[in-house]
Structures are given as structure tokens and as C-alpha cells.
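Just protein.csv here, CSV, C-alpha atoms and all ligand atoms:
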chain,number,residue,atom,x,y,z
A,293,MET,CA,-36.7,-10.5,-12.1
A,294,HIS,CA,-34.3,-11.9,-9.5
A,295,LEU,CA,-31.3,-11.9,-11.9
A,296,LEU,CA,-32.2,-8.4,-13.1
A,297,PHE,CA,-32.3,-7.2,-9.5
A,298,ILE,CA,-28.9,-8.8,-8.8
A,299,LEU,CA,-27.4,-7.2,-12.0
A,300,GLN,CA,-28.7,-3.7,-11.1
A,301,GLN,CA,-27.3,-4.0,-7.6
A,302,ASN,CA,-23.9,-5.0,-8.7
A,303,ILE,CA,-23.2,-2.6,-11.5
A,304,GLY,CA,-19.9,-0.8,-10.9
A,305,MET,CA,-18.6,-3.5,-8.5
A,306,LYS,CA,-15.0,-4.3,-9.1
A,307,LEU,CA,-13.3,-7.7,-8.5
A,308,LEU,CA,-9.8,-8.9,-8.9
A,309,GLY,CA,-9.2,-12.5,-10.0
A,310,ILE,CA,-6.1,-14.4,-9.1
A,311,ALA,CA,-5.1,-17.9,-10.2
A,312,GLY,CA,-2.7,-19.9,-8.1
A,313,SER,CA,-1.1,-21.6,-11.1
A,314,LEU,CA,1.3,-20.0,-13.7
A,315,ARG,CA,0.8,-22.6,-16.4
A,316,LYS,CA,-0.9,-21.5,-19.6
A,317,ALA,CA,-3.3,-24.5,-19.7
A,318,SER,CA,-4.1,-24.2,-15.9
A,319,LEU,CA,-7.4,-25.8,-14.9
A,320,ASN,CA,-7.6,-23.2,-12.2
A,321,LEU,CA,-7.2,-20.3,-14.7
A,322,LYS,CA,-10.0,-21.9,-16.7
A,323,LEU,CA,-12.1,-22.1,-13.6
A,324,LEU,CA,-11.3,-18.5,-12.8
A,325,LYS,CA,-12.4,-17.4,-16.3
A,326,ASN,CA,-15.7,-19.2,-15.8
A,327,ALA,CA,-16.1,-17.4,-12.4
A,328,THR,CA,-15.3,-14.1,-14.2
A,329,ALA,CA,-18.0,-14.7,-16.8
A,330,LEU,CA,-20.5,-15.5,-14.1
A,331,ALA,CA,-19.6,-12.4,-12.1
A,332,LYS,CA,-20.0,-10.3,-15.2
A,333,GLU,CA,-23.4,-11.8,-15.8
A,334,GLN,CA,-24.2,-10.6,-12.3
A,335,GLY,CA,-23.1,-7.1,-13.1
A,336,ALA,CA,-19.6,-7.0,-11.7
A,337,GLU,CA,-16.4,-6.0,-13.5
A,338,VAL,CA,-13.5,-8.4,-13.2
A,339,GLU,CA,-9.8,-8.1,-14.0
A,340,ILE,CA,-7.5,-11.1,-13.8
A,341,PHE,CA,-4.0,-10.5,-12.3
A,342,ASP,CA,-1.2,-12.6,-13.7
A,343,LEU,CA,1.2,-13.7,-10.9
A,344,ASN,CA,4.1,-14.5,-13.4
A,345,PRO,CA,6.1,-11.3,-12.8
A,346,ILE,CA,6.0,-11.5,-9.0
A,347,PRO,CA,9.5,-12.2,-7.8
A,348,LEU,CA,10.3,-14.5,-4.8
A,349,TYR,CA,9.8,-12.7,-1.5
A,350,ASN,CA,13.0,-11.3,0.0
A,351,GLN,CA,13.0,-8.9,2.8
A,352,ASP,CA,16.2,-7.3,1.6
A,353,ILE,CA,14.3,-6.3,-1.6
A,354,GLU,CA,11.4,-5.1,0.4
A,355,ASP,CA,13.6,-3.0,2.7
A,356,LYS,CA,14.8,-1.1,-0.4
A,357,GLU,CA,11.5,-0.8,-2.3
A,358,PHE,CA,8.6,-3.1,-3.4
A,359,PRO,CA,9.2,-4.3,-7.0
A,360,ASP,CA,6.9,-2.8,-9.6
A,361,SER,CA,4.9,-6.0,-10.0
A,362,VAL,CA,4.3,-6.2,-6.3
A,363,LYS,CA,3.3,-2.5,-6.1
A,364,GLU,CA,0.8,-3.2,-8.9
A,365,LEU,CA,-0.6,-6.3,-7.1
A,366,ARG,CA,-1.0,-4.3,-3.9
A,367,GLU,CA,-2.6,-1.4,-5.6
A,368,LYS,CA,-5.0,-3.6,-7.6
A,369,ILE,CA,-6.1,-5.5,-4.4
A,370,ALA,CA,-6.6,-2.2,-2.6
A,371,SER,CA,-8.7,-0.7,-5.4
A,372,VAL,CA,-11.2,-3.5,-5.8
A,373,ASP,CA,-14.3,-4.4,-3.8
A,374,GLY,CA,-13.6,-8.1,-3.6
A,375,LEU,CA,-11.3,-11.0,-4.7
A,376,LEU,CA,-11.7,-14.2,-6.6
A,377,ILE,CA,-9.0,-16.7,-5.9
A,378,ALA,CA,-8.9,-20.0,-7.8
A,379,SER,CA,-6.0,-22.2,-6.7
A,380,PRO,CA,-4.7,-25.7,-7.1
A,381,GLU,CA,-3.7,-27.8,-4.1
A,382,TYR,CA,0.0,-28.6,-4.0
A,383,ASN,CA,0.9,-31.4,-1.5
A,384,HIS,CA,-2.3,-30.7,0.4
A,385,SER,CA,-1.5,-27.0,0.7
A,386,ILE,CA,-1.1,-23.6,-1.0
A,387,PRO,CA,1.1,-23.5,-4.2
A,388,GLY,CA,4.3,-21.6,-3.6
A,389,VAL,CA,3.5,-18.9,-6.2
A,390,LEU,CA,0.2,-18.0,-4.6
A,391,LYS,CA,1.6,-18.1,-1.0
A,392,ASN,CA,4.5,-15.9,-2.2
A,393,ALA,CA,2.2,-13.3,-3.8
A,394,ILE,CA,0.0,-13.3,-0.6
A,395,ASP,CA,3.2,-12.8,1.5
A,396,TRP,CA,4.3,-9.8,-0.6
A,397,ALA,CA,0.8,-8.2,-0.5
A,398,SER,CA,0.6,-8.9,3.3
A,399,ARG,CA,3.5,-6.6,4.2
A,400,PRO,CA,3.1,-3.2,6.0
A,401,PRO,CA,2.5,-0.3,6.1
A,402,LYS,CA,-1.0,-1.3,5.1
A,403,THR,CA,-2.0,-4.8,3.8
A,404,PRO,CA,-4.6,-4.3,1.1
A,405,PHE,CA,-6.1,-7.7,2.1
A,406,TRP,CA,-7.4,-6.4,5.5
A,407,GLY,CA,-11.2,-6.8,5.5
A,408,LYS,CA,-11.4,-7.5,1.8
A,409,PRO,CA,-14.3,-9.8,0.8
A,410,CYS,CA,-13.0,-12.9,-1.0
A,411,ALA,CA,-14.3,-16.1,-2.6
A,412,ILE,CA,-11.8,-19.0,-2.9
A,413,PHE,CA,-12.3,-22.1,-5.0
A,414,GLY,CA,-10.2,-24.6,-6.8
A,415,ALA,CA,-9.8,-27.4,-9.4
A,416,SER,CA,-7.8,-30.6,-9.1
A,417,ASN,CA,-7.4,-33.7,-11.2
A,418,GLY,CA,-7.9,-35.8,-8.1
A,419,GLY,CA,-11.0,-36.7,-6.2
A,420,PHE,CA,-10.6,-34.1,-3.4
A,421,GLY,CA,-11.0,-31.0,-5.6
A,422,THR,CA,-8.6,-28.9,-3.5
A,423,VAL,CA,-10.4,-29.4,-0.2
A,424,ARG,CA,-7.2,-29.6,1.8
A,425,GLY,CA,-5.5,-26.8,-0.2
A,426,GLN,CA,-8.5,-24.5,0.5
A,427,ILE,CA,-8.2,-25.2,4.3
A,428,ALA,CA,-4.6,-24.1,4.2
A,429,LEU,CA,-5.5,-21.0,2.1
A,430,ARG,CA,-8.3,-20.1,4.5
A,431,THR,CA,-5.8,-20.3,7.4
A,432,THR,CA,-3.4,-17.9,5.7
A,433,LEU,CA,-6.1,-15.4,4.5
A,434,THR,CA,-7.7,-15.4,8.0
A,435,ALA,CA,-4.4,-14.2,9.4
A,436,LEU,CA,-4.8,-11.2,7.1
A,437,ASN,CA,-8.4,-10.6,8.2
A,438,VAL,CA,-9.7,-11.4,4.7
A,439,SER,CA,-13.5,-11.6,4.8
A,440,LEU,CA,-13.9,-15.2,3.4
A,441,ILE,CA,-17.1,-16.7,2.2
A,442,ALA,CA,-17.8,-19.5,4.6
A,443,GLN,CA,-20.5,-21.1,2.5
A,444,PRO,CA,-21.1,-22.2,-0.2
A,445,GLN,CA,-17.7,-23.7,-0.9
A,446,PHE,CA,-16.7,-24.8,-4.4
A,447,HIS,CA,-14.3,-27.8,-5.1
A,448,LEU,CA,-13.9,-29.1,-8.6
A,449,SER,CA,-12.6,-32.7,-8.6
A,450,PHE,CA,-11.5,-34.7,-11.7
A,451,ALA,CA,-11.1,-31.3,-13.4
A,452,ASP,CA,-9.2,-32.4,-16.4
A,453,GLY,CA,-12.5,-33.7,-17.9
A,454,ALA,CA,-14.7,-30.9,-16.6
A,455,PHE,CA,-14.2,-28.3,-19.3
A,456,ASP,CA,-15.3,-28.2,-23.0
A,457,GLU,CA,-13.0,-27.2,-25.9
A,458,ASN,CA,-13.8,-23.5,-25.2
A,459,GLY,CA,-12.8,-23.8,-21.5
A,460,ASN,CA,-16.4,-23.7,-20.2
A,461,LEU,CA,-17.6,-25.9,-17.5
A,462,LYS,CA,-19.5,-28.8,-19.1
A,463,GLU,CA,-22.0,-29.4,-16.4
A,464,ASN,CA,-24.6,-26.7,-15.8
A,465,GLU,CA,-25.0,-27.8,-12.2
A,466,ARG,CA,-21.3,-27.1,-11.5
A,467,SER,CA,-21.6,-23.7,-13.2
A,468,GLU,CA,-24.7,-22.9,-11.1
A,469,GLN,CA,-22.8,-23.9,-7.9
A,470,LEU,CA,-20.0,-21.5,-8.9
A,471,GLY,CA,-22.5,-18.8,-9.7
A,472,LYS,CA,-24.0,-19.2,-6.2
A,473,LEU,CA,-20.5,-18.6,-4.6
A,474,ILE,CA,-20.1,-15.4,-6.7
A,475,GLU,CA,-23.6,-14.3,-5.8
A,476,LYS,CA,-22.7,-14.7,-2.1
A,477,LEU,CA,-19.5,-12.7,-2.6
A,478,LEU,CA,-21.3,-9.8,-4.3
A,479,GLU,CA,-24.1,-9.9,-1.6
A,480,ILE,CA,-21.5,-9.6,1.1
A,481,ILE,CA,-19.8,-6.7,-0.7
A,482,GLN,CA,-23.1,-5.0,-1.1
A,483,LYS,CA,-23.9,-5.4,2.6
A,484,SER,CA,-20.5,-4.0,3.6
A,485,LYS,CA,-21.0,-0.8,1.6
B,1,LIG,C1,3.9,-29.9,-6.9
B,1,LIG,C2,2.5,-30.5,-7.1
B,1,LIG,C3,1.8,-31.0,-6.1
B,1,LIG,C4,0.5,-31.5,-6.2
B,1,LIG,N1,-0.2,-31.9,-5.1
B,1,LIG,C5,-1.5,-32.2,-5.3
B,1,LIG,C6,-2.3,-32.5,-4.1
B,1,LIG,O1,-1.8,-32.4,-3.0
B,1,LIG,N2,-3.6,-32.8,-4.3
B,1,LIG,C7,-4.2,-32.8,-5.6
B,1,LIG,O2,-5.4,-33.0,-5.7
B,1,LIG,N3,-3.4,-32.5,-6.7
B,1,LIG,C8,-2.1,-32.2,-6.5
B,1,LIG,N4,-1.4,-31.9,-7.7
B,1,LIG,C9,-2.0,-32.1,-9.0
B,1,LIG,C10,-2.7,-30.8,-9.4
B,1,LIG,O3,-4.0,-30.9,-8.9
B,1,LIG,C11,-2.8,-30.7,-10.9
B,1,LIG,O4,-1.5,-30.6,-11.4
B,1,LIG,C12,-3.6,-29.4,-11.3
B,1,LIG,O5,-3.8,-29.5,-12.7
B,1,LIG,C13,-2.8,-28.2,-11.0
B,1,LIG,O6,-3.6,-27.0,-11.3
B,1,LIG,P1,-3.5,-26.2,-12.6
B,1,LIG,O7,-4.1,-27.1,-13.7
B,1,LIG,O8,-4.3,-25.0,-12.3
B,1,LIG,O9,-2.1,-25.9,-12.9
B,1,LIG,C14,-0.1,-31.5,-7.5
B,1,LIG,C15,0.7,-31.0,-8.6
B,1,LIG,C16,1.9,-30.5,-8.4
B,1,LIG,C17,2.7,-29.9,-9.6
Using C-alpha cells, write down the structure that the file contains.
Amino acid sequence: MHLLFILQQNIGMKLLGIAGSLRKASLNLKLLKNATALAKEQGAEVEIFDLNPIPLYNQDIEDKEFPDSVKELREKIASVDGLLIASPEYNHSIPGVLKNAIDWASRPPKTPFWGKPCAIFGASNGGFGTVRGQIALRTTLTALNVSLIAQPQFHLSFADGAFDENGNLKENERSEQLGKLIEKLLEIIQKSK
């Protein structure tokens, strides 16, 4: 009954997923795909945006015109109800590729991030599960008035052993925790409508 109610409420809701790692075997991309499946179970539609084509930020380029890939990123963010961002922690902070994409999307005339509900989460091989990277990511997204989920938080430590051969989280408990974060995101979107 509860799940059916959630599903009915969230039908038609659109999310954009972004992974802060470009590598094919990214643990964070796997985690994002798990989150995508959980969001779909709860009735939402999710598209994953690949950051590979986003060039390095350069104001000289911006002064002429946003590159097509940046235009697409900005339009996609603007068109969805909420965001899912799964990111590794690099040197206790945000990976350059993700920060670069956020910087491009933050630029005027109208940043599509403003007020956008967003769940952040991350996977790391170490024991801290991106705790420090997420603090840095929160700081940056707060500057853009992104509506971040305060709690629950989701940190996947020792992530190299956390997925099965199909890329699914092995432990149900972890999957349930991630599902709770998605549920909260969808609830906040619903309330903001
Ligand atoms: C440049 C660089 C810096 C890193 N710094 C950290 C770090 O500060 N903390 C951490 O837990 N892992 C760190 N790692 C290890 C990453 O957690 C690990 O490579 C992870 O698998 C990257 O995410 P991905 O699998 O989604 O690509 C770092 C890796 C790289 C390449």
C-alpha cells in the first residue's frame, strides 16, 4: 500500500542523474544506476547525463557562446524536477570533472540549479565513503541555492566489493538506505509542486 501510494504520487516526475567520474567501470556510475533503478521503482523517470563531452571551463568560450554539450547540460537540468549526483571524493574534495560541469551550469543569465531539489551520494574504496567530498560538494551546491537533502545521507565505503557481477548493490540494507534517500528527494519535489 505504502509503495503503491509513493509510486502513484511520483508518476511523471523527472530526474537527471550525474556521475562525478568519467571512467567506464566507475563505482559511482554503478551506484547512480542503482539509484536510478530505485527511483524508477518509486515511479520517477531518470536520465543519466554523461559529463565526457563537457569541455574545460573558459570564460573566453563562454563570452562567445556556450558549447553544445554545456547547452544540453543546462537545458536538461532546467527541465527536470530534481537531480541525483553520485560522486567520488578526490583528495578530500570534488573531482575536477564534476566541479567543472557545475561551474559551466552555474553561469548566468539563469543558473538552472537555482532551487533545484538534489540528492548527493558517493562511493569510495576507502573507509570514509566520500564523507569529505560530499561536504565540499554541499558547499558548492549551496552557493547555487540547490535544495539539498540534509538527511538521510548516503556514503558507500569499501565500494570495490559492494557490487555483484551485474552492478547491483550486494547488501539489501545498503540498497534500502539508498532507497530512503531517493524517497526523501521525491517527497521534497512533491511538496514543492
Ligand atoms: C585523483 C584521485 C584522488 C583520490 N582521492 C581520494 C580521497 O580523497 N578519498 C577517497 O576515499 N578516495 C580517493 N580516491 C580513490 C577513489 O575513491 C577511487 O578511485 C574511486 O573508485 C573513484 O571513483 P569511481 O570508481 O567512480 O571512478 C582518489 C582517486 C583519485 C584518482
With 7 Å as the cut-off and only C-alpha atoms counted, what is the closest atom pair between each nearby residue of segment 364-422 of chain A and segment 314-328 of chain A? Distances in Å to one decimal, ordered by chain and number, as CSV.
residue,atom,partner,partner_atom,distance
A:Ala378,CA,A:Asn320,CA,5.6
A:Ser379,CA,A:Asn320,CA,5.8
A:Pro380,CA,A:Asn320,CA,6.4
A:Gly414,CA,A:Asn320,CA,6.2
A:Ala415,CA,A:Asn320,CA,5.5
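Atom CA of Asn437 of chain A sits 12.5 Å away from atom CA of Ile394 of chain A.
Minimum atom-to-atom distance to Phe420 of chain A, evaluated using only C-alpha atoms, belongs to A:Glu381 out of A:Glu337, A:Glu381, A:Glu457, A:Asp395.
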Measuring atom to atom with all atoms listed in the file, identify which of A:Ile369, A:Ala411, A:Ile377, A:Val362 is nearest to Glu475 of chain A.
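Among the listed residues, the smallest separation from Glu475 of chain A belongs to A:Ala411.
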To one decimal place, how far is atom CA of Arg424 of chain A from atom CA of Lys368 of chain A in Å?
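Atom-to-atom, atom CA of Arg424 of chain A to atom CA of Lys368 of chain A, that is 27.7 Å.
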Which is closest to Phe341 of chain A among A:Ile303, A:Leu390, A:Leu295, A:Ile353, if we use only C-alpha atoms?
A:Leu390
